[in-house]
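**Student:** input.txt is the file, holding compact mmCIF, C-alpha atoms:
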# COMPACT_ATOMS: atom_id res chain seq x y z
CA MET L 1 -16.07 -9.01 27.72
CA SER L 2 -12.63 -10.17 28.67
CA PRO L 3 -12.03 -13.85 29.53
CA THR L 4 -11.42 -12.97 33.18
CA THR L 5 -14.65 -10.99 33.56
CA SER L 6 -17.55 -13.06 34.88
CA PRO L 7 -21.19 -12.39 33.86
CA ASP L 8 -22.03 -11.49 37.45
CA ARG L 9 -19.24 -8.91 37.49
CA VAL L 10 -20.50 -7.45 34.22
CA ALA L 11 -24.02 -7.10 35.60
CA VAL L 12 -22.77 -5.38 38.75
CA CYS L 13 -20.49 -2.91 36.95
CA HIS L 14 -23.16 -1.57 34.64
CA GLY L 15 -26.30 -2.22 36.70
CA TRP L 16 -28.75 0.23 38.22
CA LEU L 17 -26.57 1.31 41.14
CA PRO L 18 -23.60 2.52 39.02
CA ALA L 19 -26.08 4.23 36.69
CA LEU L 20 -27.64 5.98 39.68
CA VAL L 21 -24.20 7.08 40.87
CA ALA L 22 -23.36 8.53 37.44
CA VAL L 23 -26.65 10.45 37.19
CA VAL L 24 -26.56 11.72 40.77
CA ALA L 25 -22.94 12.84 40.41
CA SER L 26 -23.80 14.80 37.27
CA MET L 27 -26.89 16.40 38.80
CA VAL L 28 -25.11 17.30 42.04
CA THR L 29 -22.26 18.85 40.07
CA MET L 30 -24.65 21.01 38.06
CA LEU L 31 -26.63 22.01 41.14
CA LEU L 32 -23.44 22.95 42.98
CA VAL L 33 -22.02 24.99 40.09
CA ALA L 34 -25.37 26.73 39.54
CA ALA L 35 -25.79 27.46 43.26
CA LEU L 36 -22.29 28.94 43.59
CA GLY L 37 -22.75 31.01 40.45
CA LEU L 38 -26.13 32.37 41.53
CA TRP L 39 -24.79 33.02 45.03
CA ALA L 40 -21.92 35.03 43.53
CA ALA L 41 -24.46 36.92 41.42
CA GLY L 42 -26.35 37.93 44.56
CA ALA L 43 -29.36 35.62 44.23
CA ALA L 44 -28.94 34.01 47.66
CA ASP L 45 -31.23 36.62 49.25
CA LEU L 46 -34.24 35.84 47.10
CA PRO L 47 -37.36 35.71 49.32
CA GLY L 48 -39.59 32.76 50.04
CA GLY L 49 -37.12 30.01 49.29
CA GLY L 50 -36.70 31.37 45.79
CA PHE L 51 -32.98 30.68 45.65
CA VAL L 52 -33.41 26.90 45.70
CA ARG L 53 -36.10 27.11 43.03
CA VAL L 54 -33.95 29.31 40.81
CA VAL L 55 -31.03 26.89 41.15
CA ALA L 56 -33.29 24.05 40.00
CA ALA L 57 -34.52 26.15 37.07
CA THR L 58 -30.94 26.96 36.08
CA VAL L 59 -30.05 23.27 35.88
CA VAL L 60 -33.17 22.56 33.83
CA THR L 61 -32.28 25.26 31.31
CA ALA L 62 -28.67 24.02 31.24
CA VAL L 63 -29.81 20.75 29.65
CA GLY L 64 -32.12 22.44 27.18
CA GLY L 65 -35.26 22.54 29.31
CA ARG L 66 -37.92 25.21 28.95
CA VAL L 67 -38.63 27.57 31.85
CA ALA L 68 -41.48 29.98 31.11
CA LEU L 69 -41.75 33.37 32.83
CA SER L 70 -45.09 34.94 33.70
CA GLY L 71 -46.30 38.14 35.32
CA ASN L 72 -49.46 39.47 36.93
CA ALA L 73 -49.91 43.09 37.93
CA GLY L 74 -53.66 43.62 37.75
CA SER L 75 -55.98 45.06 35.12
CA VAL L 76 -54.33 48.50 34.96
CA ALA L 77 -50.78 47.24 34.63
CA GLY L 78 -48.82 45.32 32.06
CA THR L 79 -45.94 42.92 32.41
CA GLU L 80 -43.68 41.25 29.93
CA ALA L 81 -41.01 38.64 30.53
CA GLY L 82 -39.20 35.95 28.59
CA VAL L 83 -35.80 34.33 28.49
CA THR L 84 -33.90 32.06 26.10
CA ALA L 85 -30.40 31.22 27.24
CA VAL L 86 -28.34 28.21 28.26
CA PRO L 87 -25.96 28.54 31.26
CA LEU L 88 -23.17 26.72 29.48
CA SER L 89 -20.80 26.53 32.44
CA VAL L 90 -23.40 24.45 34.28
CA ALA L 91 -24.08 22.34 31.20
CA LEU L 92 -20.39 21.72 30.53
CA ALA L 93 -19.68 20.66 34.12
CA GLY L 94 -22.58 18.22 34.10
CA ALA L 95 -21.64 16.82 30.70
CA LEU L 96 -18.05 16.11 31.72
CA VAL L 97 -19.09 14.31 34.91
CA LEU L 98 -21.84 12.34 33.18
CA ALA L 99 -19.55 11.28 30.33
CA ALA L 100 -16.94 10.11 32.85
CA GLY L 101 -19.55 8.12 34.74
CA PHE L 102 -20.83 6.58 31.51
CA LEU L 103 -17.37 5.55 30.29
CA ARG L 104 -16.01 4.27 33.61
CA PRO L 105 -17.50 0.75 33.49
CA VAL L 106 -17.01 0.60 29.71
CA ARG L 107 -13.27 1.10 30.08
CA ARG L 108 -13.20 -1.70 32.64
CA GLY L 109 -14.72 -4.07 30.10
CA ALA L 110 -17.97 -4.36 32.04
CA THR L 111 -20.34 -3.98 29.08
CA ALA L 112 -20.63 -7.16 27.06
CA GLY L 113 -20.76 -5.89 23.49
CA ALA L 114 -23.13 -3.44 21.82
CA ARG L 115 -26.22 -4.86 23.55
CA GLY L 116 -24.64 -4.45 26.96
CA LEU L 117 -23.72 -0.88 26.04
CA ALA L 118 -27.31 -0.18 24.96
CA ARG L 119 -28.70 -1.54 28.23
CA TRP L 120 -26.19 0.53 30.20
CA ALA L 121 -27.17 3.70 28.30
CA ALA L 122 -30.87 2.92 28.75
CA ARG L 123 -30.49 2.64 32.53
CA ILE L 124 -28.76 6.00 32.65
CA ALA L 125 -31.48 7.53 30.44
CA VAL L 126 -34.31 6.26 32.66
CA LEU L 127 -32.72 7.58 35.84
CA TRP L 128 -31.74 10.83 34.11
CA LEU L 129 -35.35 11.49 33.05
CA LEU L 130 -36.62 10.77 36.56
CA ALA L 131 -34.10 13.18 38.09
CA LEU L 132 -34.87 15.85 35.50
CA ALA L 133 -38.61 15.47 36.09
CA GLY L 134 -38.06 16.03 39.80
CA LEU L 135 -36.05 19.16 39.14
CA GLY L 136 -38.65 20.40 36.68
CA LEU L 137 -41.43 20.06 39.24
CA ALA L 138 -39.31 21.93 41.80
CA ALA L 139 -38.38 24.74 39.39
CA ARG L 140 -41.37 27.01 39.88
CA HIS L 141 -41.85 30.07 42.05
CA VAL L 142 -43.59 33.46 42.27
CA PHE L 143 -41.90 36.70 43.37
CA THR L 144 -43.57 39.92 44.49
CA LEU L 145 -41.93 43.01 43.00
CA SER L 146 -41.46 46.42 44.59
CA LEU L 147 -42.43 49.40 42.42
CA GLY L 148 -40.02 51.70 44.21
CA ASP L 149 -40.54 55.31 45.32
CA GLY L 150 -41.11 56.99 41.94
CA VAL L 151 -44.20 57.52 39.80
CA LEU L 152 -44.74 53.77 39.40
CA GLY L 153 -44.68 53.38 43.18
CA ASP L 154 -47.26 56.15 43.66
CA LEU L 155 -49.56 54.60 41.06
CA GLY L 156 -49.11 51.20 42.67
CA ASP L 157 -50.13 52.59 46.07
CA LEU L 158 -53.11 54.37 44.50
CA PHE L 159 -54.49 51.28 42.78
CA GLY L 160 -53.29 48.75 45.34
CA LEU L 161 -51.09 46.90 42.86
CA THR L 162 -48.79 44.07 43.91
CA PRO L 163 -46.92 43.01 40.78
CA ARG L 164 -45.85 39.38 40.73
CA VAL L 165 -43.43 37.63 38.44
CA GLY L 166 -43.00 33.88 38.46
CA PHE L 167 -41.57 31.02 36.48
CA THR L 168 -42.67 27.47 35.79
CA THR L 169 -41.12 24.56 33.92
CA ASP L 170 -42.66 22.94 30.88
CA VAL L 171 -41.86 19.46 32.18
CA PRO L 172 -42.76 17.36 29.09
CA ARG L 173 -40.82 19.62 26.75
CA SER L 174 -37.91 19.75 29.18
CA LEU L 175 -37.80 15.95 29.35
CA VAL L 176 -37.58 15.72 25.55
CA SER L 177 -34.84 18.37 25.41
CA GLY L 178 -33.01 16.76 28.32
CA LEU L 179 -33.09 13.40 26.58
CA VAL L 180 -31.64 14.97 23.41
CA TRP L 181 -28.94 16.62 25.55
CA LEU L 182 -28.13 13.29 27.18
CA ALA L 183 -27.97 11.55 23.80
CA GLY L 184 -25.56 14.21 22.55
CA VAL L 185 -23.28 13.81 25.58
CA LEU L 186 -23.22 10.02 25.26
CA LEU L 187 -22.65 10.21 21.50
CA VAL L 188 -19.62 12.46 21.94
CA ALA L 189 -18.35 10.16 24.71
CA VAL L 190 -18.62 7.16 22.37
CA LEU L 191 -16.85 9.04 19.57
CA VAL L 192 -13.84 10.11 21.63
CA THR L 193 -12.98 6.72 23.16
CA ARG L 194 -11.90 3.47 21.58
CA SER L 195 -12.98 1.29 24.48
CA VAL L 196 -16.71 1.45 23.71
CA PRO L 197 -17.82 -1.72 21.87
CA LEU L 198 -19.57 -1.03 18.56
CA PRO L 199 -20.61 -3.15 15.56
CA ASP L 200 -18.23 -3.18 12.58
CA GLY L 201 -19.93 -0.43 10.58
CA PRO L 202 -20.25 2.16 13.36
CA ALA L 203 -16.80 1.13 14.63
CA ARG L 204 -15.22 1.99 11.27
CA PHE L 205 -17.01 5.35 11.24
CA ARG L 206 -15.87 6.01 14.81
CA GLU L 207 -12.27 5.19 13.87
CA ALA L 208 -12.38 7.77 11.09
CA ALA L 209 -14.22 10.43 13.10
CA ARG L 210 -12.49 9.97 16.45
CA PRO L 211 -9.32 12.06 15.85
CA LEU L 212 -11.29 15.13 14.80
CA ALA L 213 -13.99 14.61 17.43
CA CYS L 214 -11.28 14.60 20.10
CA ALA L 215 -9.64 17.63 18.50
CA MET L 216 -12.89 19.66 18.44
CA VAL L 217 -13.67 18.79 22.07
CA ALA L 218 -10.13 19.78 23.06
CA LEU L 219 -10.46 23.00 21.05
CA LEU L 220 -13.65 24.05 22.84
CA LEU L 221 -12.21 23.16 26.24
CA ALA L 222 -9.04 25.14 25.43
CA CYS L 223 -11.18 28.19 24.63
CA VAL L 224 -12.90 27.87 28.01
CA VAL L 225 -9.60 27.47 29.85
CA LEU L 226 -8.08 30.53 28.16
CA ALA L 227 -11.20 32.58 28.91
CA GLY L 228 -11.09 31.34 32.49
CA VAL L 229 -7.51 32.54 32.90
CA VAL L 230 -8.47 35.99 31.57
CA ALA L 231 -11.52 36.09 33.86
CA LEU L 232 -9.48 35.13 36.93
CA VAL L 233 -6.97 37.88 36.18
CA ASP L 234 -9.85 40.31 35.85
CA ALA L 235 -11.34 39.10 39.14
CA ALA L 236 -8.00 39.62 40.88
CA THR L 237 -7.46 43.11 39.49
CA GLY L 238 -11.01 44.42 39.01
CA GLU L 239 -13.66 45.78 41.33
CA ARG L 240 -16.41 43.22 40.69
CA ALA L 241 -14.76 39.95 41.67
CA ALA L 242 -18.03 38.34 42.80
CA GLY L 243 -19.72 39.18 39.51
CA THR L 244 -16.79 37.81 37.55
CA PHE L 245 -16.94 34.53 39.45
CA ALA L 246 -20.67 34.42 38.70
CA VAL L 247 -19.87 34.64 35.00
CA ILE L 248 -17.24 31.91 35.32
CA LEU L 249 -19.64 29.56 37.10
CA LEU L 250 -22.72 30.30 35.00
CA GLY L 251 -21.75 31.41 31.54
CA LEU L 252 -18.03 31.34 30.76
CA PRO L 253 -18.51 29.28 27.55
CA ASN L 254 -21.29 31.74 26.60
CA LEU L 255 -18.50 34.30 26.17
CA ALA L 256 -15.57 32.08 25.21
CA TRP L 257 -17.16 30.14 22.37
CA PRO L 258 -18.78 33.11 20.57
CA ALA L 259 -15.44 34.91 20.94
CA PHE L 260 -13.81 31.97 19.17
CA THR L 261 -16.24 32.33 16.25
CA LEU L 262 -15.60 36.08 16.14
CA GLY L 263 -11.91 35.35 15.66
CA LEU L 264 -12.87 33.22 12.65
CA GLY L 265 -14.66 36.22 11.16
CA ALA L 266 -18.22 35.37 12.18
CA VAL L 267 -20.82 38.09 12.74
CA TRP L 268 -23.18 38.27 15.69
CA HIS L 269 -26.03 40.71 16.29
CA GLY L 270 -27.05 41.87 19.73
CA ARG L 271 -28.38 44.53 22.04
CA VAL L 272 -28.28 45.23 25.77
CA ALA L 273 -30.73 47.65 27.36
CA GLY L 274 -31.49 48.36 31.00
CA PRO L 275 -29.80 46.79 34.02
CA PHE L 276 -27.84 43.63 33.38
CA GLY L 277 -26.94 41.58 36.44
CA LEU L 278 -23.72 39.92 35.26
CA PRO L 279 -20.62 41.80 34.16
CA VAL L 280 -19.51 41.43 30.56
CA PRO L 281 -16.28 42.68 28.99
CA ARG L 282 -16.35 46.47 28.73
CA VAL L 283 -15.82 46.50 24.99
CA LEU L 284 -18.76 44.12 24.49
CA ASP L 285 -21.03 46.24 26.64
CA GLU L 286 -20.07 49.41 24.73
CA VAL L 287 -20.90 47.88 21.36
CA LEU L 288 -24.17 46.26 22.44
CA ARG L 289 -25.68 49.26 24.24
CA ALA L 290 -27.34 50.88 21.25
CA PRO L 291 -30.95 51.80 20.34
CA ASP L 292 -31.11 49.05 17.71
CA LEU L 293 -29.41 45.72 17.12
CA SER L 294 -25.65 46.16 16.87
CA THR L 295 -23.34 44.27 14.56
CA LEU L 296 -20.75 42.39 16.55
CA ASP L 297 -17.55 41.34 14.78
CA VAL L 298 -13.82 41.79 15.18
CA ARG L 299 -13.85 45.16 13.40
CA THR L 300 -16.58 46.74 15.50
CA LEU L 301 -15.00 45.45 18.70
CA ALA L 302 -11.50 46.53 17.64
CA ALA L 303 -12.81 50.07 17.11
CA HIS L 304 -13.25 50.19 20.89
CA ASP L 305 -10.26 48.06 21.89
CA GLY L 306 -7.49 47.09 19.47
CA ARG L 307 -6.52 44.08 21.60
CA VAL L 308 -9.53 42.26 20.12
CA TRP L 309 -7.39 41.41 17.07
CA TRP L 310 -5.59 38.90 19.29
CA LEU L 311 -8.71 36.75 18.90
CA VAL L 312 -7.66 36.10 15.31
CA VAL L 313 -4.13 35.15 16.37
CA ALA L 314 -5.48 32.83 19.08
CA ASP L 315 -7.80 31.15 16.57
CA VAL L 316 -4.97 30.57 14.10
CA VAL L 317 -2.94 28.81 16.80
CA LEU L 318 -5.86 26.82 18.23
CA VAL L 319 -7.35 25.65 14.93
CA LEU L 320 -3.99 24.73 13.40
CA ALA L 321 -2.96 22.89 16.58
CA ALA L 322 -6.27 20.97 16.62
CA ALA L 323 -5.93 20.03 12.94
CA THR L 324 -2.33 18.87 13.39
CA TRP L 325 -3.18 16.92 16.55
CA ALA L 326 -5.99 15.15 14.70
CA ALA L 327 -3.73 14.39 11.73
CA LEU L 328 -1.11 12.84 13.99
CA ARG L 329 -3.76 10.47 15.36
CA SER L 330 -5.14 9.58 11.95
CA PRO L 331 -3.69 6.80 9.77
CA ALA L 332 -0.41 7.95 8.23
CA ALA L 333 -1.67 7.09 4.75
CA THR L 334 -4.59 9.56 4.94
CA PRO L 335 -4.21 12.05 2.04
CA ALA L 336 -3.89 15.71 3.00
CA TRP L 337 -6.95 16.68 0.95
CA ARG L 338 -9.10 14.12 2.75
CA HIS L 339 -7.98 15.32 6.16
CA ALA L 340 -8.69 18.89 5.02
CA LEU L 341 -12.27 17.97 4.02
CA ARG L 342 -12.86 16.14 7.30
CA THR L 343 -11.51 19.07 9.30
CA ALA L 344 -13.73 21.46 7.35
CA CYS L 345 -16.81 19.38 8.17
CA ALA L 346 -15.84 19.01 11.83
CA LEU L 347 -15.12 22.70 12.37
CA ALA L 348 -18.27 23.76 10.49
CA LEU L 349 -20.38 21.52 12.73
CA THR L 350 -18.62 22.84 15.81
CA VAL L 351 -19.17 26.48 14.84
CA GLY L 352 -22.81 25.79 14.01
CA LEU L 353 -23.33 24.19 17.41
CA VAL L 354 -21.70 27.19 19.13
CA CYS L 355 -23.98 29.57 17.23
CA LEU L 356 -27.07 27.65 18.35
CA LEU L 357 -25.99 27.21 21.97
CA GLY L 358 -24.69 30.78 22.33
CA ARG L 359 -27.98 32.49 21.51
CA VAL L 360 -29.32 34.73 24.27
CA GLY L 361 -32.72 36.37 24.42
CA ALA L 362 -34.26 38.00 27.49
CA ARG L 363 -36.80 40.74 28.03
CA TRP L 364 -38.58 41.88 31.17
CA GLY L 365 -40.64 44.95 31.99
CA LEU L 366 -43.54 46.52 33.85
CA SER L 367 -45.83 49.48 33.13
CA VAL L 368 -48.75 50.97 35.07
CA LEU L 369 -51.34 52.87 33.02
CA GLY L 370 -48.70 53.22 30.33
CA VAL L 371 -46.25 54.88 32.73
CA GLY L 372 -42.90 53.20 32.50
CA ASP L 373 -43.67 51.71 29.10
CA LEU L 374 -41.91 48.55 30.19
CA GLY L 375 -38.81 50.66 30.76
CA GLY L 376 -36.75 52.13 33.57
CA ASN L 377 -35.24 50.11 36.36
CA LEU L 378 -37.96 47.47 36.09
CA ALA L 379 -37.19 46.63 32.46
CA GLY L 380 -34.38 45.43 30.31
CA GLU L 381 -33.48 43.44 27.24
CA VAL L 382 -30.55 41.27 26.24
CA VAL L 383 -30.30 39.86 22.71
CA LEU L 384 -27.39 38.00 21.12
CA ARG L 385 -27.61 35.82 18.03
CA ALA L 386 -25.23 34.80 15.28
CA ALA L 387 -25.42 34.95 11.51
CA VAL L 388 -25.34 31.16 11.52
CA TRP L 389 -24.78 30.24 7.88
CA GLY L 390 -22.02 32.78 7.40
CA ALA L 391 -20.27 31.49 10.54
CA VAL L 392 -20.62 27.88 9.39
CA GLY L 393 -19.17 28.74 5.99
CA LEU L 394 -16.20 30.49 7.60
CA GLY L 395 -15.69 27.50 9.90
CA ALA L 396 -15.58 25.21 6.86
CA LEU L 397 -13.07 27.49 5.11
CA TRP L 398 -10.81 27.69 8.16
CA GLY L 399 -11.08 23.93 8.59
CA LEU L 400 -10.16 23.29 4.98
CA VAL L 401 -6.99 25.40 5.16
CA ALA L 402 -6.00 24.28 8.67
CA GLY L 403 -6.70 20.63 7.86
CA PHE L 404 -4.43 20.71 4.81
CA LEU L 405 -1.63 22.51 6.68
CA GLY L 406 -2.09 20.25 9.70
CA ALA L 407 -1.72 17.16 7.53
CA LEU L 408 1.52 18.53 6.08
CA LEU L 409 2.83 19.38 9.56
CA ALA L 410 1.90 15.92 10.83
CA ARG L 411 3.73 14.35 7.90
CA ALA L 412 6.82 16.40 8.74
CA VAL L 413 6.63 15.39 12.40
CA ARG L 414 6.33 11.73 11.49
CA GLY L 415 9.30 12.10 9.17
CA ARG L 416 11.38 13.22 12.15
CA GLY L 417 10.27 10.24 14.23
CA GLY L 418 7.61 12.13 16.21
CA GLY L 419 4.60 10.15 15.10
CA ARG L 420 2.06 8.64 17.42
What is this file in structure tokens?

**Tutor:**
Amino acid sequence: MSPTTSPDRVAVCHGWLPALVAVVASMVTMLLVAALGLWAAGAADLPGGGFVRVVAATVVTAVGGRVALSGNAGSVAGTEAGVTAVPLSVALAGALVLAAGFLRPVRRGATAGARGLARWAARIAVLWLLALAGLGLAARHVFTLSLGDGVLGDLGDLFGLTPRVGFTTDVPRSLVSGLVWLAGVLLVAVLVTRSVPLPDGPARFREAARPLACAMVALLLACVVLAGVVALVDAATGERAAGTFAVILLGLPNLAWPAFTLGLGAVWHGRVAGPFGLPVPRVLDEVLRAPDLSTLDVRTLAAHDGRVWWLVVADVVLVLAAATWAALRSPAATPAWRHALRTACALALTVGLVCLLGRVGARWGLSVLGVGDLGGNLAGEVVLRAAVWGAVGLGALWGLVAGFLGALLARAVRGRGGGR
């Protein structure tokens, strides 16, 4: 606390009202982004107030919550549904707003030491859990499906079937996941700023980790920005502008960050079957639409579109720039080998996190007396998962090389008077 900051001012700046403002701003941002994305995807016409419920469910899943799907079509019919995916555009928007709200009073010197910081974080956590619990209770709905005019429709009319599919939120599990998500956001916020008061030990660790933490955050944001530019060009020149905006608002990092790992040489496995509501790059759709799991890497994608090799070039530029930027903000006496090891660890952790967050799994289907076999227009499957350990190893290797080269480049820049 600065000498000119009174205790009353400290209490006001990081009391319950500012915490409420930070939480509400984050939640409103996520709800707005999710609503616009779902509206662009065509979900605004869902019956029975389903749109509002789906928006709430999208925000819950964005912070790691669990939304379970269920179906009921009677004794002579079978249903299957399940989904595992994180709408990372929604999560990223909420994280940025929440981190800004958390750091705002800290930068003004309104938290008196580590204890004041802990109390400030606790207030945000309490209000965050209350808001998330409210969303979780609202995120439940049941839809009645139409069997159409084919064989399934005739069987449905014969047996008087009214298939229903619904979703509910596992509130306790979602609260635990949401608290972990919140802790991760606040931890990254503490790592990337010097203004947060910490005890000597954690402060020394933060001083060593901060340059690379900032560099990794900037690297991931740069990937999203570049992907956003490509998506906007596609929206302006393509035929499915609304669908492209839906991808931007719901899952742009879901494409941008795995693409970054592909440029590093990582391997993903996936499959797309049946109708898929959001547009994906043509080359990705061609590779994934196969009877079995497809191997997704730069080579398989380049076999359909040679421009995919530019992912490697982009990764070289981005990773080397991040490593150099971090080296310039590290102490000048840091040996190149030490910066290389730190960069390897940071990039390996970043790639591992992308592999975990980028996983997608969804399956839905309906059959009546075995007809349909959970297939046709009422069924589909989307699977995407990474070979995690191989990707993490490649991230460490790239980080080792880029960290060493970045340290040398930073040394050359400082030698020309361009240091920090």

**Student:** I want to know what sits within 8 Å of L:Arg385, based on all atoms listed in the file, with residues of the same chain fewer than 5 positions away left out; could you give that as a list in words?

**Tutor:**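 Within the cut-off, the hits are Trp268, His269, Gly270, Cys355, Gly358, Arg359 and Val360 of chain L.
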
**Student:** Name the closest residue to L:Gly238 among the candidates L:Val33, L:Asp292, L:Leu328, L:Pro281; distances are taken between atoms, counting only C-alpha atoms.

**Tutor:**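 Looking only at the distances to L:Gly238, the closest residue turns out to be L:Pro281.
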
**Student:** If I take atom CA of L:Leu179 and atom CA of L:Val224, how far is one from the other in Å, to one decimal?

**Tutor:** 24.9 Å

**Student:** Find the distance between atom CA of L:Ala387 and atom CA of L:Ala259 and write it in Å to one decimal.

**Tutor:**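 So the two atoms, atom CA of L:Ala387 and atom CA of L:Ala259, lie 13.7 Å apart.
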
**Student:** Can you measure atom CA of L:Leu129 to atom CA of L:Leu187 for me? One decimal in Å is fine.

**Tutor:** 17.2 Å

**Student:** Which residue gives the smallest distance to L:Gly184 among L:Val313, L:Ala290, L:Val21, L:Ala125, with only C-alpha atoms counted?

**Tutor:**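 Of L:Val313, L:Ala290, L:Val21, L:Ala125, the one nearest L:Gly184 is L:Ala125, counting only C-alpha atoms.
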
**Student:** For a quick check of understanding, using only C-alpha atoms, which of L:Val413, L:Leu262, L:Ile248, L:Cys214 has the smallest distance to L:Ala386?

**Tutor:** L:Leu262

**Student:** Would you list the contacts of L:Ala222 as a VMD selection string, taking every protein, DNA or RNA residue within 9 Å and counting only C-alpha atoms, but skipping same-chain residues closer than 5 positions in sequence?

**Tutor:** chain L and resid 217 227 318

**Student:** Write out as JSON, numbers by chain the residues lying within 12 Å of L:Leu252, counting only C-alpha atoms and excluding same-chain residues fewer than 4 positions away.

**Tutor:** {"L": [33, 37, 86, 87, 88, 89, 90, 91, 92, 93, 220, 221, 223, 224, 225, 226, 227, 228, 229, 230, 231, 232, 243, 244, 245, 246, 247, 248, 256, 257, 258, 259, 278, 279, 280, 281, 358]}

**Student:** Give me, as number ranges by chain, all polymer residues having an atom no more than 10 Å from stretch 389-399 of chain L, counting only C-alpha atoms and skipping those fewer than 3 positions away in the same chain.

**Tutor:** L: 261-262, 264-268, 315-316, 319-320, 322-323, 339-355, 386, 402-406

**Student:** For the point (-25.9, 12.3, 40.4) in file coordinates, what residues are within 10 Å, counting only C-alpha atoms? Give the answer as an MDAnalysis selection string?

**Tutor:** chainID L and resid 19:31 94 97:98 101 127:128 131

**Student:** Considering only C-alpha atoms, state which residue in the set L:Ala114, L:Val126, L:Val180, L:Ala138 is at the smallest distance from L:Pro199.

**Tutor:**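 The closest residue to L:Pro199 is L:Ala114.
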
**Student:** Looking at L:Gly251, L:Gly15, L:Gly166, L:Gly263, which one is nearest to L:Phe102, with distances taken over only C-alpha atoms?

**Tutor:**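 Once distances to L:Phe102 are computed over only C-alpha atoms, the minimum belongs to L:Gly15.
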
**Student:** Which is closest to L:Ala62 among L:Ala41, L:Ala236, L:Val106, L:Leu135, if we use only C-alpha atoms?

**Tutor:**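 Smallest distance to L:Ala62 is found for L:Leu135.
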
**Student:** If we count all atoms listed in the file, what is near L:Thr193 at a cut-off of 12 Å, once residues fewer than 4 positions away on the same chain are taken out, given as an MDAnalysis selection string?

**Tutor:** chainID L and resid 99:100 102:104 106:107 186:189 197:198 203 206:207 209:214

**Student:** Can I get stretch 393-404 of chain L with N, CA, C and O atoms filled in, as a short mmCIF file (atom, residue, chain, number, x, y, z; two decimals), keeping the file's coordinate frame?

**Tutor:**
data_model
loop_
_atom_site.label_atom_id
_atom_site.label_comp_id
_atom_site.auth_asym_id
_atom_site.auth_seq_id
_atom_site.Cartn_x
_atom_site.Cartn_y
_atom_site.Cartn_z
N GLY L 393 -20.01 28.69 7.19
CA GLY L 393 -19.17 28.74 5.99
C GLY L 393 -17.73 29.12 6.31
O GLY L 393 -16.78 28.53 5.77
N LEU L 394 -17.56 30.10 7.20
CA LEU L 394 -16.20 30.49 7.60
C LEU L 394 -15.51 29.35 8.35
O LEU L 394 -14.30 29.13 8.18
N GLY L 395 -16.27 28.64 9.20
CA GLY L 395 -15.69 27.50 9.90
C GLY L 395 -15.20 26.44 8.93
O GLY L 395 -14.12 25.86 9.10
N ALA L 396 -15.99 26.18 7.87
CA ALA L 396 -15.58 25.21 6.86
C ALA L 396 -14.32 25.66 6.13
O ALA L 396 -13.42 24.86 5.86
N LEU L 397 -14.25 26.96 5.81
CA LEU L 397 -13.07 27.49 5.11
C LEU L 397 -11.82 27.38 5.98
O LEU L 397 -10.76 26.93 5.52
N TRP L 398 -11.94 27.80 7.24
CA TRP L 398 -10.81 27.69 8.16
C TRP L 398 -10.40 26.23 8.32
O TRP L 398 -9.21 25.90 8.35
N GLY L 399 -11.39 25.35 8.43
CA GLY L 399 -11.08 23.93 8.59
C GLY L 399 -10.39 23.35 7.38
O GLY L 399 -9.48 22.52 7.51
N LEU L 400 -10.78 23.79 6.20
CA LEU L 400 -10.16 23.29 4.98
C LEU L 400 -8.68 23.66 4.93
O LEU L 400 -7.82 22.81 4.66
N VAL L 401 -8.38 24.93 5.20
CA VAL L 401 -6.99 25.40 5.16
C VAL L 401 -6.18 24.76 6.29
O VAL L 401 -5.08 24.24 6.08
N ALA L 402 -6.73 24.82 7.52
CA ALA L 402 -6.00 24.28 8.67
C ALA L 402 -5.82 22.77 8.55
O ALA L 402 -4.77 22.24 8.95
N GLY L 403 -6.82 22.08 8.02
CA GLY L 403 -6.70 20.63 7.86
C GLY L 403 -5.59 20.26 6.89
O GLY L 403 -4.83 19.32 7.14
N PHE L 404 -5.49 20.99 5.79
CA PHE L 404 -4.43 20.71 4.81
C PHE L 404 -3.05 21.00 5.41
O PHE L 404 -2.13 20.18 5.31
#
